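Shown below: query10.txt, with compact mmCIF, C-alpha atoms.
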# COMPACT_ATOMS: atom_id res chain seq x y z
CA MET A 716 0.00 0.00 0.00
CA ASN A 717 1.35 3.42 -1.03
CA ILE A 718 0.57 6.13 1.53
CA ILE A 719 0.91 9.91 1.66
CA ILE A 720 0.95 11.92 4.89
CA ILE A 721 -0.20 15.55 4.85
CA GLU A 722 0.62 17.05 8.24
CA ASP A 723 2.32 20.31 9.25
CA GLU A 724 3.27 19.23 12.79
CA PHE A 725 6.63 17.48 12.63
CA ARG A 726 6.09 15.31 15.72
CA ALA A 727 2.64 14.20 14.60
CA ALA A 728 3.90 13.36 11.09
CA LYS A 729 6.86 11.38 12.46
CA SER A 730 4.67 9.55 14.98
CA LEU A 731 2.18 8.64 12.27
CA GLN A 732 4.96 7.44 9.96
CA ASN A 733 6.35 5.18 12.70
CA LEU A 734 2.91 3.78 13.56
CA LEU A 735 2.18 3.00 9.91
CA SER A 736 5.54 1.24 9.56
CA ASP A 737 4.66 -0.95 12.54
CA LEU A 738 1.08 -1.65 11.52
CA LYS A 739 1.66 -1.97 7.76
CA PRO A 740 5.24 -3.19 7.27
CA ASP A 741 4.62 -3.74 3.57
CA SER A 742 3.39 -0.18 3.05
CA LYS A 743 5.47 2.60 1.51
CA ILE A 744 5.33 6.28 2.47
CA LEU A 745 5.50 8.10 -0.87
CA GLY A 746 5.75 11.54 0.67
CA ILE A 747 5.15 13.75 3.69
CA TYR A 748 3.81 17.24 2.91
CA ASP A 749 3.28 20.11 5.35
CA SER A 750 1.17 22.57 3.36
CA ILE A 751 -1.58 22.89 0.77
CA GLU A 752 0.91 24.11 -1.83
CA THR A 753 3.40 21.24 -1.46
CA SER A 754 0.56 18.69 -1.27
CA ILE A 755 -0.94 19.89 -4.56
CA GLU A 756 2.45 19.72 -6.27
CA GLY A 757 3.14 16.24 -4.90
CA LEU A 758 -0.27 14.82 -5.80
CA LYS A 759 0.06 15.91 -9.41
CA ASP A 760 2.65 13.20 -9.97
CA ILE A 761 1.80 10.60 -7.28
CA LYS A 762 -1.25 8.34 -7.07
CA PRO A 763 -1.37 6.89 -3.53
CA ASP A 764 -3.63 4.15 -2.23
CA LEU A 765 -4.35 6.04 0.98
CA ILE A 766 -3.85 9.55 2.38
CA PHE A 767 -3.62 10.61 6.02
CA MET A 768 -4.50 14.30 6.03
CA ASP A 769 -4.53 16.95 8.74
CA ILE A 770 -7.38 19.47 8.33
CA GLN A 771 -5.67 22.65 9.45
CA LEU A 772 -2.36 23.24 7.69
CA SER A 773 0.03 26.16 7.95
CA ASP A 774 -1.41 27.82 4.84
CA GLY A 775 -5.11 27.02 5.30
CA LEU A 776 -7.65 24.20 5.39
CA SER A 777 -6.64 21.05 3.54
CA PHE A 778 -10.03 20.91 1.76
CA GLU A 779 -8.51 23.38 -0.69
CA ILE A 780 -6.36 20.52 -2.01
CA PHE A 781 -9.43 18.78 -3.43
CA LYS A 782 -10.21 21.81 -5.57
CA SER A 783 -6.86 21.62 -7.36
CA VAL A 784 -6.15 17.90 -7.78
CA GLU A 785 -8.28 14.83 -8.30
CA ILE A 786 -8.06 12.39 -5.38
CA THR A 787 -9.40 8.91 -6.05
CA CYS A 788 -8.21 7.07 -2.92
CA PRO A 789 -9.62 6.94 0.62
CA VAL A 790 -8.63 9.78 2.95
CA VAL A 791 -8.29 9.52 6.72
CA PHE A 792 -8.49 12.93 8.37
CA CYS A 793 -6.32 13.44 11.45
CA THR A 794 -7.86 16.29 13.39
CA ALA A 795 -8.39 17.82 16.81
CA PHE A 796 -12.09 18.51 16.17
CA ASP A 797 -14.93 16.76 17.99
CA GLN A 798 -16.81 13.83 16.50
CA TYR A 799 -20.10 15.66 15.98
CA MET A 800 -18.37 18.01 13.54
CA LEU A 801 -17.20 15.10 11.44
CA ASP A 802 -20.34 13.03 10.96
CA ALA A 803 -20.41 14.19 7.34
CA PHE A 804 -17.07 12.49 6.74
CA LYS A 805 -18.32 9.16 8.01
CA SER A 806 -21.51 9.29 5.96
CA GLN A 807 -19.37 9.74 2.86
CA GLY A 808 -17.20 6.71 3.54
CA VAL A 809 -14.19 8.77 4.72
CA ASP A 810 -12.72 7.94 8.13
CA TYR A 811 -10.99 10.14 10.71
CA VAL A 812 -8.93 9.91 13.91
CA LEU A 813 -8.94 12.50 16.65
CA LYS A 814 -5.72 14.01 17.93
CA PRO A 815 -3.86 13.04 19.98
CA PHE A 816 -4.12 9.63 18.31
CA SER A 817 -2.81 6.27 19.55
CA LYS A 818 -1.59 3.13 17.81
CA GLU A 819 -5.03 1.62 18.37
CA ASP A 820 -6.68 4.60 16.65
CA ILE A 821 -4.53 4.21 13.53
CA ALA A 822 -5.02 0.43 13.50
CA GLU A 823 -8.80 0.91 13.60
CA ALA A 824 -8.65 3.50 10.82
CA LEU A 825 -6.65 1.12 8.62
CA ARG A 826 -9.18 -1.62 9.29
CA LYS A 827 -12.03 0.64 8.24
CA VAL A 828 -10.17 1.72 5.12
CA ASP A 829 -9.75 -1.92 4.12
CA GLU A 830 -13.53 -2.30 4.38
CA LEU A 831 -14.12 0.84 2.35
CA LYS A 832 -11.94 0.13 -0.67
CA LYS A 833 -14.90 0.60 -2.99
CA PHE A 834 -15.41 4.16 -1.81
CA PHE A 835 -13.49 6.85 -3.66
CA GLN A 836 -13.07 10.42 -2.57
CA LYS A 837 -13.91 11.87 -6.00
CA ASN A 838 -17.39 10.32 -5.90
CA ASP A 839 -18.19 10.89 -2.25
CA LEU A 840 -16.74 14.33 -1.53
CA PRO A 841 -18.63 16.11 1.26
CA ASN A 842 -19.90 19.65 0.82
CA LEU A 843 -16.66 21.54 1.44
CA GLU A 844 -18.26 24.91 2.14
CA THR A 845 -20.48 23.43 4.86
CA LEU A 846 -17.54 21.64 6.46
CA ILE A 847 -15.37 24.74 6.37
CA GLN A 848 -18.10 26.77 8.08
CA LYS A 849 -18.43 24.17 10.82
CA ILE A 850 -14.71 23.94 11.44
CA ASN A 851 -14.36 27.71 11.67
CA GLN A 852 -16.90 27.73 14.49
CA PRO A 853 -15.53 27.78 18.08
CA SER A 854 -14.77 24.28 19.30
CA GLY A 855 -16.24 23.14 22.60
CA LYS A 856 -19.05 24.17 24.92
CA SER A 857 -18.52 27.64 26.41
CA SER A 858 -20.41 27.12 29.71
CA PHE A 859 -22.33 24.60 31.81
CA LEU A 860 -25.70 25.14 33.46
CA VAL A 861 -25.60 23.91 37.08
CA PHE A 862 -28.07 23.68 39.96
CA LYS A 863 -27.10 24.01 43.63
CA ASN A 864 -28.79 25.29 46.78
CA GLN A 865 -32.08 25.67 44.91
CA LYS A 866 -30.49 28.04 42.37
CA TYR A 867 -29.41 27.76 38.74
CA THR A 868 -26.24 29.38 37.46
CA THR A 869 -23.81 29.00 34.56
CA ILE A 870 -20.13 28.17 34.93
CA PRO A 871 -17.81 29.25 32.09
CA THR A 872 -15.92 26.21 30.81
CA GLU A 873 -12.62 28.10 31.02
CA ASP A 874 -13.17 28.39 34.81
CA ILE A 875 -13.42 24.61 35.26
CA ALA A 876 -10.27 22.89 36.54
CA TYR A 877 -11.55 19.34 36.15
CA PHE A 878 -14.56 17.03 35.89
CA TYR A 879 -14.79 13.82 37.87
CA ILE A 880 -17.17 11.04 38.90
CA HIS A 881 -18.26 10.69 42.53
CA ASN A 882 -20.94 8.21 43.61
CA GLU A 883 -21.71 7.61 39.91
CA ILE A 884 -22.50 11.32 39.40
CA THR A 885 -20.40 13.68 37.29
CA HIS A 886 -19.16 16.82 39.04
CA LEU A 887 -17.28 19.86 37.86
CA VAL A 888 -14.74 21.65 40.05
CA THR A 889 -13.70 25.24 39.38
CA PHE A 890 -10.33 26.83 39.91
CA THR A 891 -11.83 28.49 43.02
CA LYS A 892 -12.64 24.99 44.37
CA GLU A 893 -16.40 25.30 43.91
CA GLN A 894 -18.07 21.99 43.07
CA PHE A 895 -21.30 21.36 41.18
CA PRO A 896 -23.09 18.15 40.10
CA LEU A 897 -23.96 17.66 36.43
CA THR A 898 -26.68 15.64 34.73
CA GLN A 899 -24.40 14.53 31.87
CA PRO A 900 -22.25 11.39 32.18
CA LEU A 901 -18.50 11.93 31.97
CA GLY A 902 -18.30 10.50 28.45
CA GLN A 903 -20.82 13.04 27.19
CA VAL A 904 -18.96 15.87 28.92
CA LEU A 905 -15.83 14.84 27.00
CA GLU A 906 -17.72 15.28 23.72
CA LEU A 907 -18.91 18.75 24.76
CA VAL A 908 -15.60 20.31 25.78
CA SER A 909 -12.68 21.25 23.54
CA ASP A 910 -10.18 18.40 23.27
CA LYS A 911 -7.45 20.99 22.88
CA HIS A 912 -8.07 22.21 26.43
CA PHE A 913 -9.38 19.10 28.19
CA PHE A 914 -8.04 15.54 28.40
CA ARG A 915 -9.59 12.42 29.94
CA ILE A 916 -6.70 10.98 31.89
CA ASN A 917 -8.63 7.96 33.20
CA ARG A 918 -12.17 6.69 33.69
CA GLN A 919 -12.86 9.09 36.55
CA TYR A 920 -11.26 12.40 35.52
CA ILE A 921 -11.17 14.97 32.72
CA VAL A 922 -8.65 17.74 33.41
CA ASN A 923 -8.11 21.23 32.05
CA PHE A 924 -4.67 21.91 30.56
CA LYS A 925 -4.48 25.13 32.60
CA ALA A 926 -5.00 23.16 35.83
CA ILE A 927 -1.98 20.88 35.36
CA LYS A 928 0.88 21.79 37.66
CA GLU A 929 3.37 18.95 37.15
CA MET A 930 3.76 15.25 36.38
CA GLU A 931 6.03 12.54 37.75
CA HIS A 932 6.70 8.85 37.21
CA TYR A 933 4.74 6.40 39.34
CA PHE A 934 4.68 2.65 39.91
CA GLN A 935 4.10 0.26 36.98
CA ARG A 936 5.15 2.91 34.44
CA LYS A 937 2.19 5.10 35.26
CA ILE A 938 2.25 8.91 35.35
CA LEU A 939 1.08 10.85 38.40
CA VAL A 940 -0.54 14.16 37.45
CA LYS A 941 -0.71 16.98 39.98
CA LEU A 942 -3.10 19.90 39.54
CA THR A 943 -2.99 23.43 40.89
CA ILE A 944 -5.86 22.46 43.22
CA GLU A 945 -6.34 19.26 45.20
CA THR A 946 -8.30 16.28 43.90
CA PRO A 947 -10.06 13.59 45.97
CA GLU A 948 -7.81 10.85 44.55
CA LYS A 949 -4.41 10.59 42.94
CA LEU A 950 -4.60 11.27 39.21
CA LEU A 951 -2.88 8.37 37.49
CA ILE A 952 -2.42 7.73 33.78
CA ASN A 953 -1.69 4.15 32.74
CA LYS A 954 1.26 3.36 30.49
CA GLU A 955 -0.97 2.72 27.45
CA LYS A 956 -2.25 6.31 27.54
CA THR A 957 1.02 8.04 28.43
CA HIS A 958 2.08 8.69 24.83
CA SER A 959 -1.22 10.30 23.81
CA PHE A 960 -1.19 12.40 27.00
CA PHE A 961 2.26 13.85 26.36
CA THR A 962 1.40 14.41 22.70
CA TRP A 963 -1.66 16.38 23.86
CA LEU A 964 0.50 18.43 26.23
CA GLU A 965 2.90 19.36 23.43
CA ASP A 966 0.16 20.18 20.90
CA ARG A 967 -0.30 23.80 21.94

Starting from the file, give its structure as structure tokens.
Amino acid sequence: MNIIIIEDEFRAAKSLQNLLSDLKPDSKILGIYDSIETSIEGLKDIKPDLIFMDIQLSDGLSFEIFKSVEITCPVVFCTAFDQYMLDAFKSQGVDYVLKPFSKEDIAEALRKVDELKKFFQKNDLPNLETLIQKINQPSGKSSFLVFKNQKYTTIPTEDIAYFYIHNEITHLVTFTKEQFPLTQPLGQVLELVSDKHFFRINRQYIVNFKAIKEMEHYFQRKILVKLTIETPEKLLINKEKTHSFFTWLEDR
């Protein structure tokens, strides 16, 4: 399988290249491009079997590439945008992985691509203008409606240090140590907030990047995360999630 990577973040491109080499040893990376301009030039002479493509490149949105060259192979979008913004991709037979991605994410994408070999981007291209409008919208919920002491109020998302589960109920905790119960389960909260600013470090906690104070190694190759405010339990990240966590920290 001949593959092209379109990604303007060096670490992400290198990580993806290494993962593809491990998962598809017989594959060949035909090129790695970091902009719309270089991608268009490269695709004029190369016909890959698969493209991994970042959405936001240094010189604009990668959808512009489709307007200049004909792409007839499946495309997997690697993006930091939430799933609800990308339903159009899935309905058109084009897959995606959310950043920061793991080896399991890429393996699943490759599996889906194998099942979608009959789908070609030139026949199933989504409405680019609609997608561009959606992606230019602010990512993530801006506030949460909460109820406490017989009163409703809204908490700006930027004021939330972390979300966690206590007695099977999701709570949010602000930087001023105020705590409020939520009606949404933690998994739904993760879909509502920006994945650039929030990360689910384990089954119980979602933390704000601004709340992270420091990290240190822990037993069994886990990472202990310390926040600027106290948490009821130790925040531990297992070894399988460590790579994606540090990738998320660097992707600023």

Separation of atom CA of Ile766 of chain A from atom CA of Pro789 of chain A in Å: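 A separation of 6.6 Å between them.
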
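Computed from the coordinates, the atom CA of Lys827 of chain A to atom CA of Ser730 of chain A distance equals 20.1 Å.
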
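For segment 793-795 of chain A, the set of protein, DNA and RNA residues having any atom at most 9 Å away, when counting all atoms listed in the file and skipping those fewer than 2 positions along the same chain, is Glu722, Phe767, Met768, Asp769, Ile770, Gln771, Val791, Asp797, Tyr811, Val812, Leu813, Lys814, Pro815, Phe816, Ser909, Asp910 and Lys911 of chain A.
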
Could you dump the residues just selected with C-alpha atoms as a PDB file, in the frame of the given file?
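Output file selection-v6.pdb follows:
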ATOM      1  CA  GLU A 722       0.620  17.050   8.240  1.00  0.00           C
ATOM      2  CA  PHE A 767      -3.620  10.610   6.020  1.00  0.00           C
ATOM      3  CA  MET A 768      -4.500  14.300   6.030  1.00  0.00           C
ATOM      4  CA  ASP A 769      -4.530  16.950   8.740  1.00  0.00           C
ATOM      5  CA  ILE A 770      -7.380  19.470   8.330  1.00  0.00           C
ATOM      6  CA  GLN A 771      -5.670  22.650   9.450  1.00  0.00           C
ATOM      7  CA  VAL A 791      -8.290   9.520   6.720  1.00  0.00           C
ATOM      8  CA  ASP A 797     -14.930  16.760  17.990  1.00  0.00           C
ATOM      9  CA  TYR A 811     -10.990  10.140  10.710  1.00  0.00           C
ATOM     10  CA  VAL A 812      -8.930   9.910  13.910  1.00  0.00           C
ATOM     11  CA  LEU A 813      -8.940  12.500  16.650  1.00  0.00           C
ATOM     12  CA  LYS A 814      -5.720  14.010  17.930  1.00  0.00           C
ATOM     13  CA  PRO A 815      -3.860  13.040  19.980  1.00  0.00           C
ATOM     14  CA  PHE A 816      -4.120   9.630  18.310  1.00  0.00           C
ATOM     15  CA  SER A 909     -12.680  21.250  23.540  1.00  0.00           C
ATOM     16  CA  ASP A 910     -10.180  18.400  23.270  1.00  0.00           C
ATOM     17  CA  LYS A 911      -7.450  20.990  22.880  1.00  0.00           C
TER      18      LYS A 911
END

Dump as JSON lines the rows for residues of segment 884-906 of chain A within 10 Å of segment 917-923 of chain A: closest atom pair and distance in Å with one decimal, only C-alpha atoms counted, ordered by chain and rising residue number.
{"residue": "A:Thr885", "atom": "CA", "partner": "A:Gln919", "partner_atom": "CA", "distance": 8.9}
{"residue": "A:His886", "atom": "CA", "partner": "A:Tyr920", "partner_atom": "CA", "distance": 9.7}
{"residue": "A:Leu887", "atom": "CA", "partner": "A:Ile921", "partner_atom": "CA", "distance": 9.4}
{"residue": "A:Val888", "atom": "CA", "partner": "A:Val922", "partner_atom": "CA", "distance": 9.8}
{"residue": "A:Phe890", "atom": "CA", "partner": "A:Asn923", "partner_atom": "CA", "distance": 9.9}
{"residue": "A:Leu901", "atom": "CA", "partner": "A:Gln919", "partner_atom": "CA", "distance": 7.8}
{"residue": "A:Gly902", "atom": "CA", "partner": "A:Arg918", "partner_atom": "CA", "distance": 8.9}
{"residue": "A:Val904", "atom": "CA", "partner": "A:Ile921", "partner_atom": "CA", "distance": 8.7}
{"residue": "A:Leu905", "atom": "CA", "partner": "A:Ile921", "partner_atom": "CA", "distance": 7.4}

Quick one: write out the picked residues with C-alpha atoms as a tab-separated table (two decimals), keeping the file's coordinate frame?
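Once written, selection_12.tsv looks like this:
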chain	number	residue	atom	x	y	z
A	885	THR	CA	-20.40	13.68	37.29
A	886	HIS	CA	-19.16	16.82	39.04
A	887	LEU	CA	-17.28	19.86	37.86
A	888	VAL	CA	-14.74	21.65	40.05
A	890	PHE	CA	-10.33	26.83	39.91
A	901	LEU	CA	-18.50	11.93	31.97
A	902	GLY	CA	-18.30	10.50	28.45
A	904	VAL	CA	-18.96	15.87	28.92
A	905	LEU	CA	-15.83	14.84	27.00

Within 7 Å of segment 860-869 of chain A, counting all atoms listed in the file, which residues qualify if same-chain residues fewer than 3 places away don't, as a ChimeraX atom specification? /A:895-897

What does the structure give for the distance between atom CA of Ile780 of chain A and atom CA of Ile718 of chain A, in Å to one decimal? 16.4 Å

Shortest interatomic distance to Lys925 of chain A - which of A:Val908, A:Thr946, A:Ile875, A:Glu965, counting all atoms listed in the file: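 Looking only at the distances to Lys925 of chain A, the closest residue turns out to be A:Ile875.
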
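Distances from A:Glu906, A:Glu893, A:Glu819, A:Asp760 to Asp737 of chain A were compared using only C-alpha atoms, and the smallest one belongs to A:Glu819.
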
Identify which of the residues A:Pro740, A:Pro947, A:Pro763, A:Gly757 lies closest to Gln894 of chain A, counting only C-alpha atoms when measuring atom-to-atom distances. A:Pro947
